[in-house]
Structures are given as C-alpha cells and as structure tokens.
file target06.pdb (PDB, C-alpha atoms)
ATOM      1  CA  MET A   1     -42.593  74.774 -37.724  1.00  0.00           C
ATOM      2  CA  HIS A   2     -41.483  78.050 -39.192  1.00  0.00           C
ATOM      3  CA  ILE A   3     -38.390  79.442 -37.541  1.00  0.00           C
ATOM      4  CA  GLN A   4     -38.415  83.192 -37.525  1.00  0.00           C
ATOM      5  CA  ASP A   5     -34.788  84.149 -37.973  1.00  0.00           C
ATOM      6  CA  THR A   6     -35.621  87.821 -38.022  1.00  0.00           C
ATOM      7  CA  HIS A   7     -36.793  87.679 -34.409  1.00  0.00           C
ATOM      8  CA  TRP A   8     -34.101  85.415 -32.992  1.00  0.00           C
ATOM      9  CA  ALA A   9     -31.331  87.991 -32.591  1.00  0.00           C
ATOM     10  CA  THR A  10     -33.585  90.331 -30.621  1.00  0.00           C
ATOM     11  CA  ALA A  11     -35.013  87.522 -28.541  1.00  0.00           C
ATOM     12  CA  SER A  12     -31.545  86.121 -27.872  1.00  0.00           C
ATOM     13  CA  ALA A  13     -30.418  89.532 -26.651  1.00  0.00           C
ATOM     14  CA  LEU A  14     -33.423  89.667 -24.370  1.00  0.00           C
ATOM     15  CA  ALA A  15     -32.597  86.229 -22.998  1.00  0.00           C
ATOM     16  CA  THR A  16     -28.977  87.139 -22.362  1.00  0.00           C
ATOM     17  CA  GLY A  17     -29.822  90.537 -20.994  1.00  0.00           C
ATOM     18  CA  GLY A  18     -32.580  89.151 -18.841  1.00  0.00           C
ATOM     19  CA  GLY A  19     -30.196  86.667 -17.285  1.00  0.00           C
ATOM     20  CA  ALA A  20     -27.631  89.372 -16.646  1.00  0.00           C
ATOM     21  CA  MET A  21     -30.166  91.736 -15.115  1.00  0.00           C
ATOM     22  CA  GLY A  22     -31.535  88.947 -12.976  1.00  0.00           C
ATOM     23  CA  ALA A  23     -28.071  88.150 -11.688  1.00  0.00           C
ATOM     24  CA  ALA A  24     -27.421  91.824 -11.016  1.00  0.00           C
ATOM     25  CA  ALA A  25     -30.709  92.200  -9.186  1.00  0.00           C
ATOM     26  CA  GLY A  26     -29.985  89.119  -7.113  1.00  0.00           C
ATOM     27  CA  GLY A  27     -26.574  90.534  -6.273  1.00  0.00           C
ATOM     28  CA  ARG A  28     -28.109  93.401  -4.291  1.00  0.00           C
ATOM     29  CA  GLY A  29     -28.775  91.099  -1.341  1.00  0.00           C
ATOM     30  CA  ASP A  30     -26.315  89.385   0.978  1.00  0.00           C
ATOM     31  CA  GLY A  31     -23.716  87.152  -0.663  1.00  0.00           C
ATOM     32  CA  PRO A  32     -24.614  83.908   1.153  1.00  0.00           C
ATOM     33  CA  ARG A  33     -28.281  84.329   0.206  1.00  0.00           C
ATOM     34  CA  THR A  34     -27.720  84.973  -3.535  1.00  0.00           C
ATOM     35  CA  THR A  35     -25.148  82.250  -4.290  1.00  0.00           C
ATOM     36  CA  PRO A  36     -27.591  79.303  -4.026  1.00  0.00           C
ATOM     37  CA  LEU A  37     -30.004  81.138  -6.362  1.00  0.00           C
ATOM     38  CA  ARG A  38     -27.316  81.496  -9.003  1.00  0.00           C
ATOM     39  CA  VAL A  39     -26.377  77.841  -8.646  1.00  0.00           C
ATOM     40  CA  ASP A  40     -30.019  76.804  -8.961  1.00  0.00           C
ATOM     41  CA  ALA A  41     -30.488  78.999 -12.026  1.00  0.00           C
ATOM     42  CA  GLN A  42     -27.437  77.459 -13.707  1.00  0.00           C
ATOM     43  CA  ARG A  43     -28.627  73.959 -12.852  1.00  0.00           C
ATOM     44  CA  ASN A  44     -32.088  74.707 -14.262  1.00  0.00           C
ATOM     45  CA  LEU A  45     -30.524  76.060 -17.460  1.00  0.00           C
ATOM     46  CA  GLU A  46     -28.486  72.876 -17.908  1.00  0.00           C
ATOM     47  CA  HIS A  47     -31.591  70.751 -17.322  1.00  0.00           C
ATOM     48  CA  VAL A  48     -33.584  72.767 -19.853  1.00  0.00           C
ATOM     49  CA  LEU A  49     -30.881  72.554 -22.524  1.00  0.00           C
ATOM     50  CA  ARG A  50     -30.443  68.821 -22.014  1.00  0.00           C
ATOM     51  CA  ALA A  51     -34.192  68.274 -22.152  1.00  0.00           C
ATOM     52  CA  ALA A  52     -34.508  70.441 -25.271  1.00  0.00           C
ATOM     53  CA  ARG A  53     -31.868  68.388 -27.087  1.00  0.00           C
ATOM     54  CA  GLU A  54     -33.686  65.185 -26.188  1.00  0.00           C
ATOM     55  CA  VAL A  55     -37.181  66.422 -27.026  1.00  0.00           C
ATOM     56  CA  PHE A  56     -36.253  68.169 -30.269  1.00  0.00           C
ATOM     57  CA  GLY A  57     -34.091  65.208 -31.252  1.00  0.00           C
ATOM     58  CA  GLU A  58     -37.020  62.835 -30.774  1.00  0.00           C
ATOM     59  CA  LEU A  59     -39.913  64.968 -32.012  1.00  0.00           C
ATOM     60  CA  GLY A  60     -38.301  67.635 -34.177  1.00  0.00           C
ATOM     61  CA  TYR A  61     -38.238  71.377 -33.622  1.00  0.00           C
ATOM     62  CA  GLY A  62     -42.029  71.483 -33.741  1.00  0.00           C
ATOM     63  CA  ALA A  63     -42.260  70.009 -30.231  1.00  0.00           C
ATOM     64  CA  PRO A  64     -43.932  72.408 -27.744  1.00  0.00           C
ATOM     65  CA  MET A  65     -42.103  74.137 -24.927  1.00  0.00           C
ATOM     66  CA  GLU A  66     -44.324  72.315 -22.443  1.00  0.00           C
ATOM     67  CA  ASP A  67     -42.686  69.039 -23.479  1.00  0.00           C
ATOM     68  CA  VAL A  68     -39.253  70.540 -22.847  1.00  0.00           C
ATOM     69  CA  ALA A  69     -40.308  71.791 -19.412  1.00  0.00           C
ATOM     70  CA  ARG A  70     -41.817  68.411 -18.519  1.00  0.00           C
ATOM     71  CA  ARG A  71     -38.638  66.573 -19.522  1.00  0.00           C
ATOM     72  CA  ALA A  72     -36.511  69.064 -17.563  1.00  0.00           C
ATOM     73  CA  ARG A  73     -38.835  68.708 -14.549  1.00  0.00           C
ATOM     74  CA  VAL A  74     -39.327  72.438 -14.249  1.00  0.00           C
ATOM     75  CA  GLY A  75     -42.308  74.696 -14.803  1.00  0.00           C
ATOM     76  CA  VAL A  76     -42.808  76.091 -18.284  1.00  0.00           C
ATOM     77  CA  GLY A  77     -42.439  79.556 -16.763  1.00  0.00           C
ATOM     78  CA  THR A  78     -38.869  78.665 -15.793  1.00  0.00           C
ATOM     79  CA  VAL A  79     -38.117  77.842 -19.417  1.00  0.00           C
ATOM     80  CA  TYR A  80     -39.603  81.104 -20.656  1.00  0.00           C
ATOM     81  CA  ARG A  81     -37.716  83.149 -18.072  1.00  0.00           C
ATOM     82  CA  ARG A  82     -34.453  81.997 -19.638  1.00  0.00           C
ATOM     83  CA  PHE A  83     -35.692  81.784 -23.230  1.00  0.00           C
ATOM     84  CA  PRO A  84     -38.360  84.434 -23.909  1.00  0.00           C
ATOM     85  CA  SER A  85     -39.592  82.586 -26.999  1.00  0.00           C
ATOM     86  CA  LYS A  86     -39.350  79.110 -28.447  1.00  0.00           C
ATOM     87  CA  ASP A  87     -37.363  80.517 -31.365  1.00  0.00           C
ATOM     88  CA  VAL A  88     -34.578  81.552 -28.973  1.00  0.00           C
ATOM     89  CA  LEU A  89     -34.331  78.048 -27.519  1.00  0.00           C
ATOM     90  CA  VAL A  90     -34.423  76.411 -30.953  1.00  0.00           C
ATOM     91  CA  ARG A  91     -31.671  78.683 -32.199  1.00  0.00           C
ATOM     92  CA  ARG A  92     -29.526  77.969 -29.137  1.00  0.00           C
ATOM     93  CA  ILE A  93     -29.779  74.201 -29.662  1.00  0.00           C
ATOM     94  CA  ALA A  94     -29.290  74.416 -33.438  1.00  0.00           C
ATOM     95  CA  GLU A  95     -26.228  76.651 -33.058  1.00  0.00           C
ATOM     96  CA  GLU A  96     -24.640  74.325 -30.509  1.00  0.00           C
ATOM     97  CA  GLU A  97     -25.196  71.251 -32.685  1.00  0.00           C
ATOM     98  CA  THR A  98     -23.928  73.067 -35.795  1.00  0.00           C
ATOM     99  CA  SER A  99     -20.788  74.074 -33.908  1.00  0.00           C
ATOM    100  CA  ARG A 100     -20.275  70.496 -32.747  1.00  0.00           C
ATOM    101  CA  LEU A 101     -20.558  69.174 -36.307  1.00  0.00           C
ATOM    102  CA  THR A 102     -18.113  71.819 -37.535  1.00  0.00           C
ATOM    103  CA  ASP A 103     -15.574  70.782 -34.894  1.00  0.00           C
ATOM    104  CA  GLN A 104     -15.999  67.131 -35.881  1.00  0.00           C
ATOM    105  CA  ALA A 105     -15.443  67.965 -39.559  1.00  0.00           C
ATOM    106  CA  ARG A 106     -12.300  69.972 -38.767  1.00  0.00           C
ATOM    107  CA  ALA A 107     -10.958  67.131 -36.640  1.00  0.00           C
ATOM    108  CA  ALA A 108     -11.492  64.694 -39.498  1.00  0.00           C
ATOM    109  CA  LEU A 109      -9.706  67.020 -41.911  1.00  0.00           C
ATOM    110  CA  GLY A 110      -6.759  67.512 -39.578  1.00  0.00           C
ATOM    111  CA  GLN A 111      -6.291  63.928 -38.423  1.00  0.00           C
ATOM    112  CA  GLU A 112      -7.005  61.831 -41.529  1.00  0.00           C
ATOM    113  CA  ASP A 113      -4.641  61.954 -44.502  1.00  0.00           C
ATOM    114  CA  GLU A 114      -6.810  59.836 -46.799  1.00  0.00           C
ATOM    115  CA  PRO A 115      -9.734  61.829 -48.276  1.00  0.00           C
ATOM    116  CA  TRP A 116     -12.265  58.992 -48.026  1.00  0.00           C
ATOM    117  CA  SER A 117     -11.165  58.131 -44.494  1.00  0.00           C
ATOM    118  CA  ALA A 118     -11.638  61.768 -43.481  1.00  0.00           C
ATOM    119  CA  LEU A 119     -15.130  61.956 -44.947  1.00  0.00           C
ATOM    120  CA  SER A 120     -16.276  58.615 -43.550  1.00  0.00           C
ATOM    121  CA  ARG A 121     -14.822  59.441 -40.129  1.00  0.00           C
ATOM    122  CA  PHE A 122     -16.746  62.697 -40.053  1.00  0.00           C
ATOM    123  CA  LEU A 123     -19.964  60.923 -41.003  1.00  0.00           C
ATOM    124  CA  ARG A 124     -19.532  58.155 -38.439  1.00  0.00           C
ATOM    125  CA  THR A 125     -18.627  60.560 -35.623  1.00  0.00           C
ATOM    126  CA  SER A 126     -21.498  62.896 -36.436  1.00  0.00           C
ATOM    127  CA  VAL A 127     -24.098  60.153 -36.710  1.00  0.00           C
ATOM    128  CA  ALA A 128     -22.914  58.545 -33.467  1.00  0.00           C
ATOM    129  CA  SER A 129     -23.262  61.881 -31.654  1.00  0.00           C
ATOM    130  CA  GLY A 130     -26.888  62.204 -32.759  1.00  0.00           C
ATOM    131  CA  ALA A 131     -26.293  65.759 -33.993  1.00  0.00           C
ATOM    132  CA  GLY A 132     -28.000  64.970 -37.288  1.00  0.00           C
ATOM    133  CA  ARG A 133     -31.377  64.967 -35.568  1.00  0.00           C
ATOM    134  CA  LEU A 134     -30.815  68.595 -34.551  1.00  0.00           C
ATOM    135  CA  LEU A 135     -29.427  70.111 -37.739  1.00  0.00           C
ATOM    136  CA  PRO A 136     -30.952  73.543 -38.400  1.00  0.00           C
ATOM    137  CA  PRO A 137     -33.397  73.559 -41.337  1.00  0.00           C
ATOM    138  CA  GLN A 138     -31.347  76.024 -43.395  1.00  0.00           C
ATOM    139  CA  VAL A 139     -28.607  73.449 -43.985  1.00  0.00           C
ATOM    140  CA  LEU A 140     -31.087  70.779 -45.097  1.00  0.00           C
ATOM    141  CA  ARG A 141     -32.341  72.353 -48.288  1.00  0.00           C
ATOM    142  CA  VAL A 142     -34.278  69.723 -50.203  1.00  0.00           C
ATOM    143  CA  GLY A 143     -36.131  70.793 -53.311  1.00  0.00           C
ATOM    144  CA  VAL A 144     -39.413  69.245 -54.378  1.00  0.00           C
ATOM    145  CA  PRO A 145     -40.424  69.746 -58.029  1.00  0.00           C
ATOM    146  CA  GLU A 146     -43.831  71.327 -58.193  1.00  0.00           C
ATOM    147  CA  GLU A 147     -45.764  72.457 -61.241  1.00  0.00           C
ATOM    148  CA  VAL A 148     -46.896  76.040 -60.823  1.00  0.00           C
ATOM    149  CA  GLY A 149     -48.278  77.653 -63.942  1.00  0.00           C
ATOM    150  CA  GLY A 150     -46.356  75.190 -66.110  1.00  0.00           C
ATOM    151  CA  ALA A 151     -43.006  76.010 -64.484  1.00  0.00           C
ATOM    152  CA  GLU A 152     -41.095  73.959 -61.958  1.00  0.00           C
ATOM    153  CA  GLU A 153     -40.699  75.586 -58.565  1.00  0.00           C
ATOM    154  CA  LEU A 154     -38.454  74.537 -55.682  1.00  0.00           C
ATOM    155  CA  ARG A 155     -39.896  74.335 -52.196  1.00  0.00           C
ATOM    156  CA  VAL A 156     -37.978  73.849 -48.964  1.00  0.00           C
ATOM    157  CA  PRO A 157     -39.869  71.542 -46.581  1.00  0.00           C
ATOM    158  CA  GLN A 158     -39.536  71.847 -42.838  1.00  0.00           C
ATOM    159  CA  GLN A 159     -36.993  69.680 -41.060  1.00  0.00           C
ATOM    160  CA  ARG A 160     -38.015  66.056 -40.491  1.00  0.00           C
ATOM    161  CA  THR A 161     -41.211  66.307 -42.523  1.00  0.00           C
ATOM    162  CA  GLN A 162     -42.149  64.455 -45.687  1.00  0.00           C
ATOM    163  CA  PRO A 163     -43.719  66.265 -48.646  1.00  0.00           C
ATOM    164  CA  ALA A 164     -47.137  65.120 -49.725  1.00  0.00           C
ATOM    165  CA  ALA A 165     -46.022  64.307 -53.247  1.00  0.00           C
ATOM    166  CA  GLY A 166     -43.147  64.720 -55.647  1.00  0.00           C
ATOM    167  CA  GLU A 167     -39.738  63.185 -55.977  1.00  0.00           C
ATOM    168  CA  LEU A 168     -37.156  64.470 -53.512  1.00  0.00           C
ATOM    169  CA  ARG A 169     -34.060  65.982 -55.039  1.00  0.00           C
ATOM    170  CA  LEU A 170     -31.346  68.145 -53.586  1.00  0.00           C
ATOM    171  CA  VAL A 171     -30.914  71.762 -54.568  1.00  0.00           C
ATOM    172  CA  PRO A 172     -28.000  71.923 -57.049  1.00  0.00           C
ATOM    173  CA  GLU A 173     -24.668  73.016 -55.639  1.00  0.00           C
ATOM    174  CA  GLU A 174     -24.665  76.306 -57.514  1.00  0.00           C
ATOM    175  CA  ARG A 175     -27.632  77.243 -55.285  1.00  0.00           C
ATOM    176  CA  GLU A 176     -25.844  76.147 -52.115  1.00  0.00           C
ATOM    177  CA  PRO A 177     -24.529  79.325 -50.458  1.00  0.00           C
ATOM    178  CA  LEU A 178     -27.165  78.431 -47.878  1.00  0.00           C
ATOM    179  CA  ALA A 179     -25.604  80.342 -45.043  1.00  0.00           C
ATOM    180  CA  ALA A 180     -25.699  83.520 -47.097  1.00  0.00           C
ATOM    181  CA  ASP A 181     -29.449  83.022 -47.506  1.00  0.00           C
ATOM    182  CA  ALA A 182     -29.874  82.252 -43.819  1.00  0.00           C
ATOM    183  CA  ASP A 183     -27.405  84.914 -42.644  1.00  0.00           C
ATOM    184  CA  ASP A 184     -25.981  82.350 -40.246  1.00  0.00           C
ATOM    185  CA  ALA A 185     -22.243  82.356 -39.606  1.00  0.00           C
ATOM    186  CA  GLY A 186     -22.369  78.992 -37.878  1.00  0.00           C
ATOM    187  CA  ALA A 187     -24.036  77.348 -40.869  1.00  0.00           C
ATOM    188  CA  ALA A 188     -21.505  79.042 -43.166  1.00  0.00           C
ATOM    189  CA  ALA A 189     -18.594  77.545 -41.223  1.00  0.00           C
ATOM    190  CA  LEU A 190     -20.157  74.080 -41.293  1.00  0.00           C
ATOM    191  CA  LEU A 191     -20.844  74.205 -45.026  1.00  0.00           C
ATOM    192  CA  GLU A 192     -17.323  75.450 -45.749  1.00  0.00           C
ATOM    193  CA  VAL A 193     -15.500  72.705 -43.858  1.00  0.00           C
ATOM    194  CA  VAL A 194     -17.804  69.922 -45.078  1.00  0.00           C
ATOM    195  CA  GLY A 195     -17.286  71.296 -48.578  1.00  0.00           C
ATOM    196  CA  ARG A 196     -13.544  70.757 -48.169  1.00  0.00           C
ATOM    197  CA  LEU A 197     -14.116  67.159 -47.127  1.00  0.00           C
ATOM    198  CA  VAL A 198     -16.344  66.599 -50.154  1.00  0.00           C
ATOM    199  CA  GLU A 199     -13.944  68.241 -52.609  1.00  0.00           C
ATOM    200  CA  ARG A 200     -10.983  66.220 -51.352  1.00  0.00           C
ATOM    201  CA  ALA A 201     -12.821  62.926 -51.657  1.00  0.00           C
ATOM    202  CA  ARG A 202     -14.190  63.867 -55.070  1.00  0.00           C
ATOM    203  CA  ALA A 203     -10.760  64.959 -56.370  1.00  0.00           C
ATOM    204  CA  ALA A 204      -9.286  61.646 -55.204  1.00  0.00           C
ATOM    205  CA  GLY A 205     -11.897  59.800 -57.263  1.00  0.00           C
ATOM    206  CA  GLU A 206     -13.349  58.147 -54.164  1.00  0.00           C
ATOM    207  CA  LEU A 207     -16.621  60.073 -54.038  1.00  0.00           C
ATOM    208  CA  ARG A 208     -19.299  60.001 -56.707  1.00  0.00           C
ATOM    209  CA  PRO A 209     -18.990  63.181 -58.795  1.00  0.00           C
ATOM    210  CA  ASP A 210     -22.673  64.034 -58.340  1.00  0.00           C
ATOM    211  CA  VAL A 211     -22.510  63.990 -54.526  1.00  0.00           C
ATOM    212  CA  SER A 212     -22.922  67.449 -53.003  1.00  0.00           C
ATOM    213  CA  VAL A 213     -22.485  68.991 -49.569  1.00  0.00           C
ATOM    214  CA  SER A 214     -26.246  68.773 -49.142  1.00  0.00           C
ATOM    215  CA  ASP A 215     -26.078  65.030 -49.795  1.00  0.00           C
ATOM    216  CA  VAL A 216     -23.544  64.572 -47.011  1.00  0.00           C
ATOM    217  CA  LEU A 217     -25.585  66.584 -44.526  1.00  0.00           C
ATOM    218  CA  LEU A 218     -28.718  64.711 -45.512  1.00  0.00           C
ATOM    219  CA  VAL A 219     -26.894  61.438 -44.800  1.00  0.00           C
ATOM    220  CA  ILE A 220     -26.110  62.689 -41.289  1.00  0.00           C
ATOM    221  CA  ALA A 221     -29.750  63.572 -40.696  1.00  0.00           C
ATOM    222  CA  THR A 222     -31.060  60.347 -42.205  1.00  0.00           C
ATOM    223  CA  ALA A 223     -28.680  57.974 -40.439  1.00  0.00           C
ATOM    224  CA  ALA A 224     -29.580  59.241 -36.967  1.00  0.00           C
ATOM    225  CA  PRO A 225     -32.967  57.644 -36.231  1.00  0.00           C
ATOM    226  CA  SER A 226     -34.591  58.155 -32.852  1.00  0.00           C
ATOM    227  CA  LEU A 227     -35.405  54.804 -31.255  1.00  0.00           C
ATOM    228  CA  PRO A 228     -36.453  54.184 -27.624  1.00  0.00           C
ATOM    229  CA  ASP A 229     -33.730  51.606 -26.960  1.00  0.00           C
ATOM    230  CA  PRO A 230     -30.167  53.062 -27.077  1.00  0.00           C
ATOM    231  CA  ALA A 231     -28.599  49.778 -28.207  1.00  0.00           C
ATOM    232  CA  GLN A 232     -31.097  49.402 -31.036  1.00  0.00           C
ATOM    233  CA  GLN A 233     -30.590  53.010 -32.025  1.00  0.00           C
ATOM    234  CA  ALA A 234     -26.804  52.596 -32.203  1.00  0.00           C
ATOM    235  CA  ALA A 235     -27.083  49.379 -34.204  1.00  0.00           C
ATOM    236  CA  ALA A 236     -29.633  50.863 -36.622  1.00  0.00           C
ATOM    237  CA  SER A 237     -27.532  54.001 -37.136  1.00  0.00           C
ATOM    238  CA  SER A 238     -24.390  51.988 -37.832  1.00  0.00           C
ATOM    239  CA  ARG A 239     -26.122  49.665 -40.286  1.00  0.00           C
ATOM    240  CA  LEU A 240     -27.882  52.481 -42.122  1.00  0.00           C
ATOM    241  CA  LEU A 241     -24.689  54.522 -42.356  1.00  0.00           C
ATOM    242  CA  ASP A 242     -22.799  51.546 -43.834  1.00  0.00           C
ATOM    243  CA  ILE A 243     -25.412  51.327 -46.582  1.00  0.00           C
ATOM    244  CA  LEU A 244     -25.383  55.075 -47.237  1.00  0.00           C
ATOM    245  CA  LEU A 245     -21.580  55.214 -47.382  1.00  0.00           C
ATOM    246  CA  GLU A 246     -21.599  52.512 -50.033  1.00  0.00           C
ATOM    247  CA  GLY A 247     -23.985  54.661 -52.023  1.00  0.00           C
ATOM    248  CA  LEU A 248     -21.657  57.663 -51.821  1.00  0.00           C
ATOM    249  CA  ARG A 249     -18.515  55.879 -53.021  1.00  0.00           C
ATOM    250  CA  SER A 250     -17.312  56.120 -56.568  1.00  0.00           C
ATOM    251  CA  ARG A 251     -17.160  52.850 -58.480  1.00  0.00           C
ATOM    252  CA  PRO A 252     -14.895  51.980 -61.432  1.00  0.00           C
TER     253      PRO A 252
END
call {"tool": "encode", "arguments": {"input": "target06.pdb", "output": "structure tokens"}}
result
Amino acid sequence: MHIQDTHWATASALATGGGAMGAAAGGRGDGPRTTPLRVDAQRNLEHVLRAAREVFGELGYGAPMEDVARRARVGVGTVYRRFPSKDVLVRRIAEEETSRLTDQARAALGQEDEPWSALSRFLRTSVASGAGRLLPPQVLRVGVPEEVGGAEELRVPQQRTQPAAGELRLVPEEREPLAADADDAGAAALLEVVGRLVERARAAGELRPDVSVSDVLLVIATAAPSLPDPAQQAAASSRLLDILLEGLRSRP
C-alpha cells in the first residue's frame, strides 16, 4: 500500500471540515431532534476508529475500507462520510499510535533512572499495547541491497511485507532524520525521544554500540504478532521480546 502523504493534509481538512459543517447543518433544527444525531455520529466514529485499529493491526494498512466498515458494523458510506479517503483514516490511526508510543517513551525516560531499565520498560510497554502493529511506514525504514547497474541501491519496503530477495539491513543512522523526509512532526517527536533512550543505554555500556533507533522500533513491530487468541498473543509477545532484548544488550 502506498500512502500518499501529499494528499493527507487536504483530505484531513475535508474530513474535519465536513464534520463541522454537518454539525452546523444539523444545528439548524430543533435542539431535541439534533442531539441524538450528534451522539450517534460520535458513537459511529468511535466504532470506526476501534475497528480500524483492529483491522489494520491484523491485516496491515493494506486492508480495504470495507473490512473496517464490516468490523464497525456500519455501512462503508458511513466510514467515507467521516474519512473522505482511506489515506485520511490511515493517517489518523498512525498518528494516534505514534503519539501513544511517544508518551510511553517519555514516561520511561522520566520514571526510570537506570538507562537499560528505561529502554526495556519502553519496549515492554509498547509491545504490550500492540502499537507496534500500527507504526507508520516512515519510521520503519529497512533497506534492502539491490544491484542496479552495478551499484547498490536502498529500497524501502511497505510495512509488514517481506522483500522477495536480499538480506534485510537497517538504514544507517546518519540517514535517519526520517521525520524530515516524511515531514511528520509526530514521527519526529517519536524518533527524538527514542533516540534519547538509545543514547543513554549506549553511553552506559548496556546497549550494543551498533544498535540504532531503527533497530528499537523494528523490535516493537516484530514483537507484536497478531494471533487470534489473546492469551497466546500475550505469551508469544513476551517470549519474543525477551529473546530480542537479549540480542540488544551489550556483552563483556
């Protein structure tokens, strides 16, 4: 799925404006008649957002809007009335999950004195919340070496997809002002605060020196599998994260 950032801002404005105009139009009638409509609209919005998190978390951002509508138990037209394009809905979910991860990282920084404890707390909290399954693609930059005319070229695969061939490797940190490329303030805030967690743990000698911010975010995405049984999902996430944390730690 190719997310068209250039269209999201306009579409988001349309969604917000459309909701405002709809509320204003509804307000022309009698008060008792319009209040239930506003309540219903808010309830439908909450159902759509909850369904979108579940569907995109399970199937990735390539899942169709019809699946979101079906999970929310509303017509697809209801979804499109609030979100004029799929890109608007995807951006809304991605921004909310990015903000949640940023808050979790700040909490870990503020409440844990030990650098490794802060980093591991952030990872465990984030994986348990399931936010890793909804990370926006621009913060999951994974490069795949590819021979093009004798020169190596870096590609960025879509979220939650596997390349056909080639060894996965992360884009080096000097290429990591990802939010500047994506023009996304939310991603910039996330990368900045996770970067502080990484630098603290690295300076304390507790994190492998080659571990980057991208590595940490990839761990969050990897350690959040989507399984049908909640208990199995929690157990699998915890076990996988334990293994990944051991791989991140510096050894004498």
call {"tool": "atom_distance", "arguments": {"input": "target06.pdb", "atom1": "CA of Ser250 in chain A", "atom2": "CA of Val139 in chain A"}}
result
24.2 Å
call {"tool": "atom_distance", "arguments": {"input": "target06.pdb", "atom1": "CA of Ala69 in chain A", "atom2": "CA of Arg53 in chain A"}}
result
11.9 Å
call {"tool": "closest_residue", "arguments": {"input": "target06.pdb", "among": "A:Ala105, A:Ala52, A:Ala203, A:Ala236", "to": "Ile93 in chain A", "atoms": "all atoms listed in the file"}}
result
A:Ala52
call {"tool": "closest_residue", "arguments": {"input": "target06.pdb", "among": "A:Met65, A:Leu245, A:Leu101, A:Val198", "to": "Ser85 in chain A", "atoms": "all atoms listed in the file"}}
result
A:Met65
call {"tool": "residues_around", "arguments": {"input": "target06.pdb", "residues": "Leu45 in chain A", "least_positions_apart": "3", "cutoff": "12 Å", "atoms": "all atoms listed in the file", "output": "mmCIF file with C-alpha atoms, keeping the file's coordinate frame"}}
result
data_model
loop_
_atom_site.group_PDB
_atom_site.id
_atom_site.type_symbol
_atom_site.label_atom_id
_atom_site.label_comp_id
_atom_site.auth_asym_id
_atom_site.auth_seq_id
_atom_site.Cartn_x
_atom_site.Cartn_y
_atom_site.Cartn_z
ATOM 1 C CA ALA A 15 -32.597 86.229 -22.998
ATOM 2 C CA GLY A 19 -30.196 86.667 -17.285
ATOM 3 C CA ARG A 38 -27.316 81.496 -9.003
ATOM 4 C CA VAL A 39 -26.377 77.841 -8.646
ATOM 5 C CA ASP A 40 -30.019 76.804 -8.961
ATOM 6 C CA ALA A 41 -30.488 78.999 -12.026
ATOM 7 C CA GLN A 42 -27.437 77.459 -13.707
ATOM 8 C CA VAL A 48 -33.584 72.767 -19.853
ATOM 9 C CA LEU A 49 -30.881 72.554 -22.524
ATOM 10 C CA ARG A 50 -30.443 68.821 -22.014
ATOM 11 C CA ALA A 51 -34.192 68.274 -22.152
ATOM 12 C CA ALA A 52 -34.508 70.441 -25.271
ATOM 13 C CA VAL A 68 -39.253 70.540 -22.847
ATOM 14 C CA ALA A 69 -40.308 71.791 -19.412
ATOM 15 C CA ALA A 72 -36.511 69.064 -17.563
ATOM 16 C CA ARG A 73 -38.835 68.708 -14.549
ATOM 17 C CA VAL A 74 -39.327 72.438 -14.249
ATOM 18 C CA THR A 78 -38.869 78.665 -15.793
ATOM 19 C CA VAL A 79 -38.117 77.842 -19.417
ATOM 20 C CA TYR A 80 -39.603 81.104 -20.656
ATOM 21 C CA ARG A 81 -37.716 83.149 -18.072
ATOM 22 C CA ARG A 82 -34.453 81.997 -19.638
ATOM 23 C CA PHE A 83 -35.692 81.784 -23.230
ATOM 24 C CA LEU A 89 -34.331 78.048 -27.519
ATOM 25 C CA ARG A 92 -29.526 77.969 -29.137
#
call {"tool": "residues_around", "arguments": {"input": "target06.pdb", "residues": "Glu114 in chain A", "least_positions_apart": "2", "cutoff": "12 Å", "atoms": "all atoms listed in the file", "output": "compact mmCIF listing (two decimals) with C-alpha atoms, in the coordinates of the input"}}
result
# COMPACT_ATOMS: atom_id res chain seq x y z
CA ALA A 108 -11.49 64.69 -39.50
CA LEU A 109 -9.71 67.02 -41.91
CA GLY A 110 -6.76 67.51 -39.58
CA GLN A 111 -6.29 63.93 -38.42
CA GLU A 112 -7.00 61.83 -41.53
CA TRP A 116 -12.26 58.99 -48.03
CA SER A 117 -11.16 58.13 -44.49
CA ALA A 118 -11.64 61.77 -43.48
CA LEU A 119 -15.13 61.96 -44.95
CA SER A 120 -16.28 58.62 -43.55
CA ARG A 121 -14.82 59.44 -40.13
CA LEU A 197 -14.12 67.16 -47.13
CA ARG A 200 -10.98 66.22 -51.35
CA ALA A 201 -12.82 62.93 -51.66
CA ARG A 202 -14.19 63.87 -55.07
CA ALA A 203 -10.76 64.96 -56.37
CA ALA A 204 -9.29 61.65 -55.20
CA GLY A 205 -11.90 59.80 -57.26
CA GLU A 206 -13.35 58.15 -54.16
call {"tool": "atom_distance", "arguments": {"input": "target06.pdb", "atom1": "CA of Arg249 in chain A", "atom2": "CA of Pro115 in chain A"}}
result
11.6 Å
call {"tool": "axis_aligned_box", "arguments": {"input": "target06.pdb", "around": "range 72-75 of chain A", "padding_each_side": "8 Å", "output": "AutoDock Vina command-line options"}}
result
--center_x -39.4 --center_y 71.7 --center_z -15.9 --size_x 21.8 --size_y 22.0 --size_z 19.3
call {"tool": "residues_near_point", "arguments": {"input": "target06.pdb", "point": "(-26.9, 65.7, -41.6)", "cutoff": "6 Å", "atoms": "only C-alpha atoms", "output": "short mmCIF file (atom, residue, chain, number, x, y, z; two decimals) with C-alpha atoms, in the frame of the given file"}}
result
data_model
loop_
_atom_site.label_atom_id
_atom_site.label_comp_id
_atom_site.auth_asym_id
_atom_site.auth_seq_id
_atom_site.Cartn_x
_atom_site.Cartn_y
_atom_site.Cartn_z
CA GLY A 132 -28.00 64.97 -37.29
CA LEU A 217 -25.58 66.58 -44.53
CA LEU A 218 -28.72 64.71 -45.51
CA VAL A 219 -26.89 61.44 -44.80
CA ILE A 220 -26.11 62.69 -41.29
CA ALA A 221 -29.75 63.57 -40.70
#
call {"tool": "resolve_selection", "arguments": {"input": "target06.pdb", "expression": "the PyMOL selection byres ((chain A and resi 190) around 12)", "output": "number ranges by chain"}}
result
A: 95-106, 122, 135-136, 138-139, 177-179, 184-189, 191-197, 213-214, 216-217
call {"tool": "closest_residue", "arguments": {"input": "target06.pdb", "among": "A:Val90, A:Ala63, A:Leu227, A:Leu240", "to": "Pro137 in chain A", "atoms": "all atoms listed in the file"}}
result
A:Val90
call {"tool": "closest_residue", "arguments": {"input": "target06.pdb", "among": "A:Ala107, A:Val127, A:Ala223, A:Leu134", "to": "Gly57 in chain A", "atoms": "only C-alpha atoms"}}
result
A:Leu134
call {"tool": "closest_residue", "arguments": {"input": "target06.pdb", "among": "A:Val55, A:Val76, A:Val88, A:Leu207", "to": "Arg133 in chain A", "atoms": "all atoms listed in the file"}}
result
A:Val55
call {"tool": "closest_residue", "arguments": {"input": "target06.pdb", "among": "A:Arg251, A:Arg70, A:Arg43, A:Arg124", "to": "Arg239 in chain A", "atoms": "all atoms listed in the file"}}
result
A:Arg124
